[in-house]
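Everything on this sheet refers to the single structure shown next.
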Amino acid sequence: MSLTLDGVDVVLDGQPIVTDVSLEVAAGERLALLGPSGSGKSTILRVIAGLQPPTRGEVLLDGRDVTDVPPHRREIGLVFQDAVLFPHRDVAGNVGFGPRVTGVADGEREARVAEALALVGLAGSEHRDVATLSGGEAQRVALARALATRPRVLLLDEPLGALDGPLRFRLQSDLRALFEELSLTVVHVTHDVGEAFALGDRVAVLRAGRLAQLASPDELWARPADDWVARFLGLRNVVADGKRATVTRPEAVRVRPGGGAVVVSAERDGSVVRLVVRRDDGSELEGVSTDVAPPGKGDSVSVEIDPAGVVEVPVWHEQVSD
Amino acid sequence: MTRRRRTVALAAVPVAFLLVFFAWPLAAILERSLLGEADGEGALDVLTRESTLEIAWFTLWQATVSTALTLLAALPLAWALARFRFRGRSLVEALVLVPFVLPTVVVATAFVALLPERVERSVWAIFLAHVFFNVAVVVRVVGSFWAGLDPKLGDAAATLGARPAQRHLRVTLPLLGPALASAASIVFLFCFTSFGVIVVLGGLRFATLESEIYNQAARLFDLRTAAVLALVQLCAVALTVLVSSALERRLGVRVRRGRTAMPPVGRDRVLVTVVVGLSTALLVLPPLALVLRSLRVGDGHGFAHFRSLAAETPALLVEPWHAILNSLVFASAAAVIALAVGIPAAVVVARGRSGVDALVMLPLGASAAMLGFGFLLAFDERPLDLRSSPAIVPVAQALVAIPFVVRALVPALRAADVRLREAAAVLGASPGRVRRELELPLLARPLAVAAGLAFAVALGEFGATVFVSRADWPTVPVAIFRFLGRPGESNVGTAMALCVVLMGLVAAVALLSERSLARRATG
């Protein structure tokens, strides 16, 4: 099922929340909507689900305009940030809710509930009280509830936002495996760059209600649309000069022992060590080392930059008008 | 129709009802007190009478002392229930609520049964009855807040060197401040406007503004003085309500399950045992005494007092069992009216119209005797002459019950929050289906609770009913009052028997409304 947004505006109480957002998600594609809080990403999700009518623009499913179709007829699954389970129903009651209200027969419904719970790793929890679920379990039940309706498009609103640490990481890789297995069309909102890169085939970066860039994670990393996007992605070697900025990816910065530069900080991040190096002209540069014996803080090093990892981008200026 | 217009339409029901049956009687009181007869004394003369001042002073100080004693008695129990898990805790929690649903007349009569005759009609009896009645308020309001406080705060204070008493004084008490103030103002309001307890236990020796309104209007037929007193009462109550609602707003709502409760150990174990034991005794003894006294016949025991319910009596125009029937009929009608008015009101309030909230809460503050008196003044002539109609009784009772209905429904309506509805919609539930699958099940239990509460409140309603009920249509509380007002052991005994019946009815209603909805929806 493909999804298209065409020129969507949302204005609430006179405030533009979303402005002129157009994007296409192919059938089976996973799109991440990435942006800081207040960038309008959750509102876009609500527009797709039919919970928020757009002020202007259209929502199309498989080329059919569904802008005026109410949420309960859109066949779209939505997983809220904090699960929003029905407190008066047990796990099976929650997961089976969608099939029941859409008239799925009892036997089929039970099968779907069992299947959805198995998919999220909670097989056999049908009769648990939702009040006894942990945060991670509640989120899995919410996902199972959305899956049990066999949605044409699955929407996830910061599904891992309420979780932390190893649980978050585990659920993230579970989700990725699940989406691939089901070849679902997924739109997924997050403010976490790592999550967006992990779960999205493509990533839409949102800034103040507008689409700043829409690209695959690799393209985003290689060619950010402007200095703001580069910084938002976590790139630190961004040097602005007038209307242009130079972005140097850290993996293009090769650090070797001996030389005129000094390591200011060295932090291990999994299999790589992130280094900040001060060069003799006083400028600082971030690089990574994959060496078995990486340089430490205070070491003298030399720096070499791979030109393939350097890109010139425009400097973004906040627009005051329109 | 848009949602906004629907809200306005919904609001029209409670607003119209309250205009006719609340605002109008109030206006009648105002008219009578301020305009009145040309040749009578002015309102100011009534106000400055020595007896008025004495009554106002007594009302104030008995309410203050009662409130202080209630806090003293209830706080230890609130602490034990909020902080600890122990065997029988849920039973004690249920027990605490019992006095609150008991009719005031029953509570007062229970203390007549419990206390030795010397104390029976003293100011101490009044204090005790008020404490008994209001412990529930403090335990609920303060206790739920207390249970939500992070016990780690106390732990932190302990690691910083604070002794247990200091922890309570320096950490817990200041944090509980708003809850304490809110509970205290509610209790104060109840004691200030207390009617049944005062007229039963205070007799003619102790009068509060509330009981004096009744005395002047129903016994001395001085409607003018009664109206002026009602006006004073109204101002005092309005002031208290303003203070308490301001406090409550600061308090916010925090209902968390008492997950922090732990089994008590060491010194706490002894304290909890003592506190729970004493509180349980305080809560159980009066009703127990009532039951025993109703069975005491002469020097022996028997059911003679219950048998006398079927016998003719000079205290009433009808046999006492008629009062039971009347009460059931009136309370059913009152519950229906209270729901019909309270449900739309609650929906409007849940949508954030606090103006309607304040409006429907008014009768609660206005005090029952004042409502009854207002009815007496307003509906004795055309266009609405209800004085001779029995319908006036359930209407008056419904007025008292509406605030309870609204209070029981609003949290549930708010809990069925927007996002739950959205979740149901994206799962494919149409708006009608959302109402059926989500809102009704979520509301079924609070609705039953509201209906039960309205019925129980109406069953026990005394202050307003005593003004408007006709002698040939007495309700149980009114009949109890009449019997207690007559000398002789058999009259007291019949009153006790009626109290036991009323207590049983209220208990049955409470159980039913809880039980019928204990079932949880599954699948």
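Labels used: A, B, ... for chains in the order of the structure tokens, numbers from 1 for residues in each chain, and numbers from 1 for ligands as shown.
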Tell me which protein, DNA and RNA residues are within 12 Å of Pro54 of chain A, counting only C-alpha atoms, leaving out same-chain ones fewer than 3 positions away, and put them as a VMD selection string. chain A and resid 5 to 12 16 to 21 43 to 51 57 to 59 66 to 68
List the neighbours of segment 121-135 of chain A out to 10 Å using only C-alpha atoms; skip same-chain residues closer than 6 positions along the sequence, and give me the result as a PyMOL selection string. (chain A and resi 82-83+85-96+110+113-115+141+144+160+162-164+167+174) or (chain B and resi 522-523)
Put those residues in a file: C-alpha atoms, as a short mmCIF file (atom, residue, chain, number, x, y, z; two decimals), in the first residue's frame.
```
data_model
loop_
_atom_site.label_atom_id
_atom_site.label_comp_id
_atom_site.auth_asym_id
_atom_site.auth_seq_id
_atom_site.Cartn_x
_atom_site.Cartn_y
_atom_site.Cartn_z
CA ASP A 82 2.63 5.64 25.61
CA ALA A 83 0.62 2.62 24.41
CA LEU A 85 -4.25 0.59 26.18
CA PHE A 86 -7.93 0.29 27.11
CA PRO A 87 -7.88 -0.01 30.91
CA HIS A 88 -11.14 -1.98 31.07
CA ARG A 89 -9.99 -4.82 28.84
CA ASP A 90 -7.33 -7.47 29.25
CA VAL A 91 -4.52 -8.05 26.74
CA ALA A 92 -6.70 -10.17 24.44
CA GLY A 93 -9.51 -7.60 24.72
CA ASN A 94 -7.12 -4.88 23.61
CA VAL A 95 -5.50 -6.79 20.76
CA GLY A 96 -8.84 -8.18 19.58
CA GLU A 110 -8.79 -15.33 18.33
CA VAL A 113 -4.88 -12.14 18.52
CA ALA A 114 -2.66 -15.17 19.10
CA GLU A 115 -0.72 -14.45 15.93
CA VAL A 141 0.69 -5.05 23.21
CA ALA A 144 0.09 -6.20 18.48
CA LEU A 160 10.31 3.61 21.93
CA ALA A 162 8.93 5.97 26.81
CA LEU A 163 11.51 3.20 27.11
CA ASP A 164 15.18 3.34 27.92
CA LEU A 167 15.08 -2.56 26.34
CA ASP A 174 12.78 -6.58 17.05
CA THR B 522 -12.90 -9.49 28.78
CA GLY B 523 -12.33 -10.83 25.28
#
```
Would you mind writing down, as JSON, numbers by chain, each residue of segment 95-169 of chain A that DSSP on the backbone assigns to helix (DSSP H, G or I)? {"A": [95, 97, 98, 99, 100, 101, 106, 107, 108, 109, 110, 111, 112, 113, 114, 115, 116, 117, 118, 119, 130, 131, 132, 135, 136, 137, 138, 139, 140, 141, 142, 143, 144, 145, 146, 147, 165, 166, 167, 168, 169]}
Restricting the output to N, CA and C atoms, write the selected residues as a compact mmCIF listing (two decimals), in the first residue's frame.
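Done, and the output landed in out.txt:
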```txt
# COMPACT_ATOMS: atom_id res chain seq x y z
N VAL A 95 -6.01 -6.40 22.07
CA VAL A 95 -5.50 -6.79 20.76
C VAL A 95 -6.66 -7.16 19.83
N PHE A 97 -9.60 -5.89 19.86
CA PHE A 97 -10.57 -4.80 19.73
C PHE A 97 -10.83 -4.44 18.26
N GLY A 98 -9.77 -4.24 17.51
CA GLY A 98 -9.90 -3.85 16.10
C GLY A 98 -10.68 -4.88 15.30
N PRO A 99 -10.24 -6.15 15.33
CA PRO A 99 -11.00 -7.18 14.60
C PRO A 99 -12.46 -7.22 15.03
N ARG A 100 -12.72 -7.04 16.34
CA ARG A 100 -14.10 -7.14 16.80
C ARG A 100 -14.97 -6.02 16.26
N VAL A 101 -14.47 -4.78 16.37
CA VAL A 101 -15.32 -3.66 15.93
C VAL A 101 -15.44 -3.62 14.41
N ASP A 106 -15.48 -14.62 15.43
CA ASP A 106 -14.81 -14.95 16.68
C ASP A 106 -13.54 -15.80 16.51
N GLY A 107 -13.69 -16.92 15.75
CA GLY A 107 -12.55 -17.83 15.61
C GLY A 107 -11.37 -17.14 14.96
N GLU A 108 -11.65 -16.44 13.88
CA GLU A 108 -10.63 -15.70 13.14
C GLU A 108 -9.97 -14.67 14.05
N ARG A 109 -10.80 -14.03 14.88
CA ARG A 109 -10.29 -12.99 15.75
C ARG A 109 -9.30 -13.58 16.75
N GLU A 110 -9.69 -14.71 17.36
CA GLU A 110 -8.79 -15.33 18.33
C GLU A 110 -7.47 -15.71 17.68
N ALA A 111 -7.56 -16.22 16.46
CA ALA A 111 -6.35 -16.59 15.74
C ALA A 111 -5.47 -15.36 15.53
N ARG A 112 -6.11 -14.26 15.13
CA ARG A 112 -5.34 -13.04 14.88
C ARG A 112 -4.68 -12.52 16.14
N VAL A 113 -5.43 -12.60 17.25
CA VAL A 113 -4.88 -12.14 18.52
C VAL A 113 -3.64 -12.95 18.87
N ALA A 114 -3.79 -14.29 18.76
CA ALA A 114 -2.66 -15.17 19.10
C ALA A 114 -1.48 -14.88 18.19
N GLU A 115 -1.77 -14.69 16.90
CA GLU A 115 -0.72 -14.45 15.93
C GLU A 115 0.00 -13.12 16.23
N ALA A 116 -0.80 -12.07 16.49
CA ALA A 116 -0.20 -10.76 16.74
C ALA A 116 0.64 -10.79 18.01
N LEU A 117 0.14 -11.48 19.03
CA LEU A 117 0.90 -11.54 20.28
C LEU A 117 2.20 -12.33 20.07
N ALA A 118 2.12 -13.38 19.26
CA ALA A 118 3.32 -14.16 18.99
C ALA A 118 4.35 -13.30 18.25
N LEU A 119 3.86 -12.48 17.30
CA LEU A 119 4.76 -11.62 16.53
C LEU A 119 5.54 -10.67 17.43
N VAL A 130 -4.03 -5.39 31.75
CA VAL A 130 -3.08 -4.45 31.16
C VAL A 130 -2.38 -3.59 32.21
N ALA A 131 -3.01 -3.48 33.39
CA ALA A 131 -2.38 -2.67 34.44
C ALA A 131 -1.11 -3.32 34.97
N THR A 132 -0.95 -4.63 34.73
CA THR A 132 0.22 -5.32 35.28
C THR A 132 1.38 -5.37 34.28
N GLY A 135 6.41 -1.28 30.97
CA GLY A 135 6.39 -0.31 29.87
C GLY A 135 6.64 -0.96 28.52
N GLY A 136 7.66 -1.83 28.47
CA GLY A 136 8.01 -2.49 27.22
C GLY A 136 6.91 -3.43 26.77
N GLU A 137 6.31 -4.15 27.72
CA GLU A 137 5.23 -5.07 27.37
C GLU A 137 4.01 -4.31 26.86
N ALA A 138 3.68 -3.21 27.53
CA ALA A 138 2.53 -2.41 27.11
C ALA A 138 2.73 -1.94 25.67
N GLN A 139 3.95 -1.52 25.36
CA GLN A 139 4.25 -1.03 24.02
C GLN A 139 4.11 -2.16 23.00
N ARG A 140 4.53 -3.38 23.39
CA ARG A 140 4.39 -4.53 22.50
C ARG A 140 2.91 -4.87 22.29
N VAL A 141 2.12 -4.77 23.35
CA VAL A 141 0.69 -5.05 23.21
C VAL A 141 0.05 -4.02 22.29
N ALA A 142 0.47 -2.75 22.44
CA ALA A 142 -0.07 -1.69 21.58
C ALA A 142 0.27 -2.00 20.12
N LEU A 143 1.48 -2.49 19.88
CA LEU A 143 1.89 -2.84 18.52
C LEU A 143 1.06 -4.02 18.00
N ALA A 144 0.89 -5.03 18.87
CA ALA A 144 0.09 -6.20 18.48
C ALA A 144 -1.33 -5.77 18.17
N ARG A 145 -1.86 -4.83 18.97
CA ARG A 145 -3.22 -4.34 18.76
C ARG A 145 -3.35 -3.70 17.38
N ALA A 146 -2.32 -2.93 17.00
CA ALA A 146 -2.35 -2.29 15.68
C ALA A 146 -2.21 -3.33 14.58
N LEU A 147 -1.33 -4.34 14.79
CA LEU A 147 -1.08 -5.35 13.75
C LEU A 147 -2.29 -6.23 13.51
N GLY A 165 17.38 2.46 27.64
CA GLY A 165 18.46 1.51 27.79
C GLY A 165 18.36 0.30 26.87
N PRO A 166 18.76 -0.85 27.38
CA PRO A 166 18.85 -2.06 26.58
C PRO A 166 17.50 -2.47 26.00
N LEU A 167 16.41 -2.21 26.78
CA LEU A 167 15.08 -2.56 26.34
C LEU A 167 14.75 -1.85 25.04
N ARG A 168 15.11 -0.58 24.99
CA ARG A 168 14.84 0.24 23.83
C ARG A 168 15.58 -0.33 22.62
N PHE A 169 16.83 -0.69 22.83
CA PHE A 169 17.66 -1.21 21.75
C PHE A 169 17.10 -2.54 21.25
```
Please find the residues of chain B near chain A - the criterion being any atom within 10 Å, counting only C-alpha atoms - and write them as a PDB file with N, CA and C atoms, in the first residue's frame.
```
ATOM      1  N   ALA B 415     -11.398  10.250  32.302  1.00  0.00           N
ATOM      2  CA  ALA B 415     -10.450   9.159  32.084  1.00  0.00           C
ATOM      3  C   ALA B 415     -10.653   8.519  30.720  1.00  0.00           C
ATOM      4  N   ALA B 416     -11.916   8.537  30.255  1.00  0.00           N
ATOM      5  CA  ALA B 416     -12.170   8.022  28.908  1.00  0.00           C
ATOM      6  C   ALA B 416     -11.624   9.064  27.949  1.00  0.00           C
ATOM      7  N   ASP B 417     -10.290   9.237  27.979  1.00  0.00           N
ATOM      8  CA  ASP B 417      -9.745  10.450  27.390  1.00  0.00           C
ATOM      9  C   ASP B 417      -9.704  10.378  25.873  1.00  0.00           C
ATOM     10  N   ARG B 419      -7.389  10.315  23.758  1.00  0.00           N
ATOM     11  CA  ARG B 419      -6.492   9.429  23.050  1.00  0.00           C
ATOM     12  C   ARG B 419      -7.005   7.995  23.022  1.00  0.00           C
ATOM     13  N   LEU B 420      -7.716   7.599  24.104  1.00  0.00           N
ATOM     14  CA  LEU B 420      -8.332   6.271  24.064  1.00  0.00           C
ATOM     15  C   LEU B 420      -9.336   6.204  22.923  1.00  0.00           C
ATOM     16  N   ARG B 421     -10.097   7.299  22.777  1.00  0.00           N
ATOM     17  CA  ARG B 421     -11.088   7.334  21.703  1.00  0.00           C
ATOM     18  C   ARG B 421     -10.402   7.312  20.339  1.00  0.00           C
ATOM     19  N   GLU B 422      -9.291   8.030  20.239  1.00  0.00           N
ATOM     20  CA  GLU B 422      -8.551   8.028  18.973  1.00  0.00           C
ATOM     21  C   GLU B 422      -8.006   6.639  18.671  1.00  0.00           C
ATOM     22  N   ALA B 423      -7.485   5.993  19.730  1.00  0.00           N
ATOM     23  CA  ALA B 423      -6.942   4.646  19.544  1.00  0.00           C
ATOM     24  C   ALA B 423      -8.034   3.725  19.025  1.00  0.00           C
ATOM     25  N   ALA B 424      -9.240   3.843  19.587  1.00  0.00           N
ATOM     26  CA  ALA B 424     -10.348   3.001  19.151  1.00  0.00           C
ATOM     27  C   ALA B 424     -10.719   3.326  17.702  1.00  0.00           C
ATOM     28  N   ALA B 425     -10.684   4.615  17.344  1.00  0.00           N
ATOM     29  CA  ALA B 425     -11.071   5.020  15.992  1.00  0.00           C
ATOM     30  C   ALA B 425     -10.102   4.461  14.955  1.00  0.00           C
ATOM     31  N   VAL B 426      -8.794   4.561  15.213  1.00  0.00           N
ATOM     32  CA  VAL B 426      -7.870   4.050  14.198  1.00  0.00           C
ATOM     33  C   VAL B 426      -7.915   2.527  14.120  1.00  0.00           C
ATOM     34  N   LEU B 427      -8.435   1.892  15.160  1.00  0.00           N
ATOM     35  CA  LEU B 427      -8.591   0.439  15.094  1.00  0.00           C
ATOM     36  C   LEU B 427      -9.862   0.045  14.343  1.00  0.00           C
ATOM     37  N   GLY B 428     -10.613   1.040  13.906  1.00  0.00           N
ATOM     38  CA  GLY B 428     -11.761   0.754  13.072  1.00  0.00           C
ATOM     39  C   GLY B 428     -13.112   0.936  13.732  1.00  0.00           C
ATOM     40  N   ALA B 429     -13.135   1.498  14.961  1.00  0.00           N
ATOM     41  CA  ALA B 429     -14.411   1.676  15.647  1.00  0.00           C
ATOM     42  C   ALA B 429     -15.078   2.972  15.194  1.00  0.00           C
ATOM     43  N   SER B 430     -16.322   2.863  14.743  1.00  0.00           N
ATOM     44  CA  SER B 430     -17.069   4.053  14.349  1.00  0.00           C
ATOM     45  C   SER B 430     -17.419   4.835  15.608  1.00  0.00           C
ATOM     46  N   PRO B 431     -17.822   6.124  15.470  1.00  0.00           N
ATOM     47  CA  PRO B 431     -18.146   6.913  16.676  1.00  0.00           C
ATOM     48  C   PRO B 431     -19.151   6.212  17.590  1.00  0.00           C
ATOM     49  N   ARG B 433     -19.679   3.021  17.830  1.00  0.00           N
ATOM     50  CA  ARG B 433     -18.995   1.873  18.387  1.00  0.00           C
ATOM     51  C   ARG B 433     -18.077   2.314  19.533  1.00  0.00           C
ATOM     52  N   VAL B 434     -17.437   3.457  19.360  1.00  0.00           N
ATOM     53  CA  VAL B 434     -16.559   3.978  20.413  1.00  0.00           C
ATOM     54  C   VAL B 434     -17.375   4.197  21.681  1.00  0.00           C
ATOM     55  N   GLU B 437     -18.356   0.570  22.954  1.00  0.00           N
ATOM     56  CA  GLU B 437     -17.270  -0.318  23.370  1.00  0.00           C
ATOM     57  C   GLU B 437     -16.382   0.319  24.421  1.00  0.00           C
ATOM     58  N   LEU B 438     -16.319   1.633  24.411  1.00  0.00           N
ATOM     59  CA  LEU B 438     -15.311   2.283  25.227  1.00  0.00           C
ATOM     60  C   LEU B 438     -15.948   3.093  26.337  1.00  0.00           C
ATOM     61  N   PRO B 441     -18.644   0.973  28.761  1.00  0.00           N
ATOM     62  CA  PRO B 441     -17.993   0.086  29.731  1.00  0.00           C
ATOM     63  C   PRO B 441     -17.174   0.846  30.756  1.00  0.00           C
ATOM     64  N   LEU B 442     -16.482   1.875  30.308  1.00  0.00           N
ATOM     65  CA  LEU B 442     -15.669   2.638  31.249  1.00  0.00           C
ATOM     66  C   LEU B 442     -16.552   3.388  32.236  1.00  0.00           C
ATOM     67  N   ARG B 520     -15.516  -7.639  35.180  1.00  0.00           N
ATOM     68  CA  ARG B 520     -14.699  -6.914  34.220  1.00  0.00           C
ATOM     69  C   ARG B 520     -14.982  -7.450  32.835  1.00  0.00           C
ATOM     70  N   ALA B 521     -14.994  -6.563  31.876  1.00  0.00           N
ATOM     71  CA  ALA B 521     -15.193  -7.013  30.505  1.00  0.00           C
ATOM     72  C   ALA B 521     -13.920  -7.695  30.026  1.00  0.00           C
ATOM     73  N   THR B 522     -14.074  -8.830  29.353  1.00  0.00           N
ATOM     74  CA  THR B 522     -12.898  -9.486  28.778  1.00  0.00           C
ATOM     75  C   THR B 522     -13.194  -9.867  27.348  1.00  0.00           C
ATOM     76  N   GLY B 523     -12.170 -10.303  26.631  1.00  0.00           N
ATOM     77  CA  GLY B 523     -12.335 -10.829  25.280  1.00  0.00           C
ATOM     78  C   GLY B 523     -12.748  -9.830  24.254  1.00  0.00           C
TER      79      GLY B 523
END
```
For each of B:Gly196, B:Gly355, B:Gly148, B:Gly372, take the minimum atom-to-atom distance to His130 of chain B, counting only C-alpha atoms, then give the residue where this is smallest. B:Gly196
DSSP on the backbone, strand (DSSP E or B) only: what residues of segment 89-299 of chain A does that give? Format it as an MDAnalysis selection string. chainID A and resid 90 129 153:157 186:190 202:207 210:215 238:241 244:248 253:269 272:278 284:289
Please identify all polymer residues within 8 Å of Val255 of chain A, counting only C-alpha atoms, omitting same-chain residues fewer than 4 positions from it, and present them as a list in words. Gly287, Val288, Ser289, Val301, Ser302, Val303 and Glu304 of chain A
Can you tell me, as a VMD selection string, what residues are no more than 10 Å from Pro257 of chain A when counting only C-alpha atoms, ignoring any on the same chain fewer than 3 positions away? chain A and resid 260 to 262 294 to 296 299 to 303
Write out as a PyMOL selection string which residues come within 10 Å of Val135 of chain B when counting only C-alpha atoms, dropping same-chain ones fewer than 5 positions away. chain B and resi 67+69-75+77-78+96-97+99-100+130+140+183+187+279+282-283
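By only C-alpha atoms, and with residues fewer than 2 positions from Ala215 of chain A along its chain excluded, the set lying at most 7 Å from it is Arg202, Val203, Ala204, Gln213, Pro217, Glu219 and Leu220 of chain A.
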If you keep N, CA, C and O atoms, can you produce a file of those selected residues as an mmCIF file, in the first residue's frame?
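Ended up saving to result-v6.cif:
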```cif
data_model
loop_
_atom_site.group_PDB
_atom_site.id
_atom_site.type_symbol
_atom_site.label_atom_id
_atom_site.label_comp_id
_atom_site.auth_asym_id
_atom_site.auth_seq_id
_atom_site.Cartn_x
_atom_site.Cartn_y
_atom_site.Cartn_z
ATOM 1 N N ARG A 202 14.055 5.304 4.293
ATOM 2 C CA ARG A 202 14.338 6.710 4.024
ATOM 3 C C ARG A 202 13.949 7.520 5.250
ATOM 4 O O ARG A 202 13.112 7.084 6.044
ATOM 5 N N VAL A 203 14.554 8.686 5.361
ATOM 6 C CA VAL A 203 14.297 9.525 6.527
ATOM 7 C C VAL A 203 13.854 10.893 6.046
ATOM 8 O O VAL A 203 14.506 11.490 5.182
ATOM 9 N N ALA A 204 12.715 11.359 6.591
ATOM 10 C CA ALA A 204 12.260 12.715 6.291
ATOM 11 C C ALA A 204 12.624 13.591 7.481
ATOM 12 O O ALA A 204 12.139 13.360 8.582
ATOM 13 N N GLN A 213 14.611 17.750 4.481
ATOM 14 C CA GLN A 213 15.287 16.826 3.566
ATOM 15 C C GLN A 213 14.604 15.478 3.634
ATOM 16 O O GLN A 213 14.141 15.070 4.689
ATOM 17 N N PRO A 217 19.255 7.054 4.747
ATOM 18 C CA PRO A 217 20.220 7.400 5.791
ATOM 19 C C PRO A 217 21.619 7.663 5.226
ATOM 20 O O PRO A 217 22.266 8.637 5.625
ATOM 21 N N GLU A 219 22.486 8.708 2.205
ATOM 22 C CA GLU A 219 22.511 9.997 1.487
ATOM 23 C C GLU A 219 22.502 11.161 2.458
ATOM 24 O O GLU A 219 23.208 12.154 2.271
ATOM 25 N N LEU A 220 21.645 11.022 3.513
ATOM 26 C CA LEU A 220 21.561 12.093 4.509
ATOM 27 C C LEU A 220 22.926 12.351 5.123
ATOM 28 O O LEU A 220 23.370 13.487 5.263
#
```
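Nearest to Leu91 of chain B of all the residues B:Val276, B:Leu223, B:Ala334, B:Leu204 is B:Val276, based on only C-alpha atoms.
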Within 8 Å of Met370 of chain B, counting only C-alpha atoms, which residues show up once you throw out same-chain ones fewer than 2 positions away? Write them as number ranges by chain, please. B: 210, 213, 230, 366-368, 372-374, 464
